[in-house]
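A.B. asks: Please find one structure pasted underneath; my questions will follow.
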Amino acid sequence: MGGQLYPPCCNRGSFFSLVVSDRLASLGAATRIYLALGATDMRKGFDGLYGLVRDQLLCDPLSGHVFLFSNAQRNRLKIIFFDGSGLWVCAKRIEKGRVHWPAVDHEQRKVMLSHEELTMLLGGIDLAQTRERKWYRKPLAEESSQLQKTA
């Protein structure tokens, strides 16, 4: 490897370095990105995160949408999403610094982020210090109550 710290397939600057070429880079406009508010136990794996999406966020984990979680210190992140054939769980440990989690109402369980907001958040940008310019964006239809819960 000649002193190379990362395999050639990895882009060190990208959170989704191993997944980008497969799925996340081609997220469609209809794919929603949900950020779970509060702290999550980062020991949770596939089943634990699946249960959080279903029971706390009241969403369908198999919807194809992306769900983002963080610990209390905001230096560890996990993402879970379904690609049509199985669940992906991606994790990141931030070596120095923290992500700036959006501050919202305490009764709210989740926040929907745009693709651009996710990129900024994972890039270390505080979303509270940014502002959106007036820009046309077709609103996404709300999920039906049947799709929000799984049996």
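Just so we're on the same page: first chain in the structure tokens is A, next is B, and so on; residues restart at 1 for each chain, and ligands are numbered from 1 in the order they show up.
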Mind the document's chain letters and residue numbers, and return as a list in words the residues of range 88-148 of chain A that DSSP labels strand (DSSP E).
C.D. replies: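 Answer for range 88-148 of chain A restricted to strand (DSSP E) is Trp88, Val89, Cys90, Ala91, Lys92, Arg93, Lys110, Val111, Met112 and Leu113 of chain A.
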A.B. asks: Can you tell me, as number ranges by chain, what residues are no more than 8 Å from Phe82 in chain A when counting only C-alpha atoms, ignoring any on the same chain fewer than 2 positions away?
C.D. replies: A: 61-66, 80, 84-88
A.B. asks: At a cut-off of 9 Å, using only C-alpha atoms, what residues contact range 41-51 of chain A? Leave out same-chain residues fewer than 6 positions from it and give the result as a PyMOL selection string.
C.D. replies: chain A and resi 60-62+67+69-72+76-80+87-89+91
A.B. asks: Limited to C-alpha atoms, could you put the picked residues into a file as an mmCIF file, in the first residue's frame?
C.D. replies:
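Heads up, here's the output in again.cif:
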data_model
loop_
_atom_site.group_PDB
_atom_site.id
_atom_site.type_symbol
_atom_site.label_atom_id
_atom_site.label_comp_id
_atom_site.auth_asym_id
_atom_site.auth_seq_id
_atom_site.Cartn_x
_atom_site.Cartn_y
_atom_site.Cartn_z
ATOM 1 C CA ASP A 60 -41.256 2.856 8.128
ATOM 2 C CA PRO A 61 -37.605 1.718 8.275
ATOM 3 C CA LEU A 62 -38.061 -0.061 4.937
ATOM 4 C CA PHE A 67 -32.476 8.190 9.211
ATOM 5 C CA PHE A 69 -28.831 9.488 14.784
ATOM 6 C CA SER A 70 -26.218 10.966 17.146
ATOM 7 C CA ASN A 71 -24.992 10.412 20.693
ATOM 8 C CA ALA A 72 -25.270 13.040 23.451
ATOM 9 C CA ARG A 76 -20.704 9.867 16.885
ATOM 10 C CA LEU A 77 -23.256 9.443 14.120
ATOM 11 C CA LYS A 78 -25.174 6.523 12.669
ATOM 12 C CA ILE A 79 -27.333 6.346 9.584
ATOM 13 C CA ILE A 80 -29.754 3.579 8.699
ATOM 14 C CA LEU A 87 -30.590 -2.420 5.569
ATOM 15 C CA TRP A 88 -27.433 -0.322 5.643
ATOM 16 C CA VAL A 89 -26.008 1.028 8.876
ATOM 17 C CA ALA A 91 -21.269 4.951 11.431
#
A.B. asks: Using only C-alpha atoms, I'd like a table of the residues in range 50-109 of chain A that come within 7 Å of range 115-132 of chain A; for each, show the closest atom pair and its distance in Å rounded to one decimal, ordered by chain and ascending number, as JSON lines.
C.D. replies:
{"residue": "A:Val99", "atom": "CA", "partner": "A:Gly124", "partner_atom": "CA", "distance": 5.7}
{"residue": "A:His100", "atom": "CA", "partner": "A:Asp126", "partner_atom": "CA", "distance": 5.2}
{"residue": "A:Pro102", "atom": "CA", "partner": "A:Leu127", "partner_atom": "CA", "distance": 6.8}
A.B. asks: Restricted to C-alpha atoms, what would the selected residues look like written as a CSV table (one decimal), in the first residue's frame?
C.D. replies:
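And here is the file that came out, part-v7.csv:
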chain,number,residue,atom,x,y,z
A,99,VAL,CA,-21.7,18.2,14.8
A,100,HIS,CA,-24.2,21.0,15.5
A,102,PRO,CA,-30.5,21.5,15.2
A.B. asks: When you draw a straight line from CA of Ser114 in chain A to CA of Trp135 in chain A, how long is it in Å?
C.D. replies: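 Separation between CA of Ser114 in chain A and CA of Trp135 in chain A: 13.0 Å.
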A.B. asks: In terms of the shortest atom-to-atom distance over only C-alpha atoms, which of A:Pro139, A:Glu95, A:Gln73, A:Leu68 is closest to Ala36 in chain A?
C.D. replies: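 With only C-alpha atoms as the atom set, the closest residue is A:Leu68.
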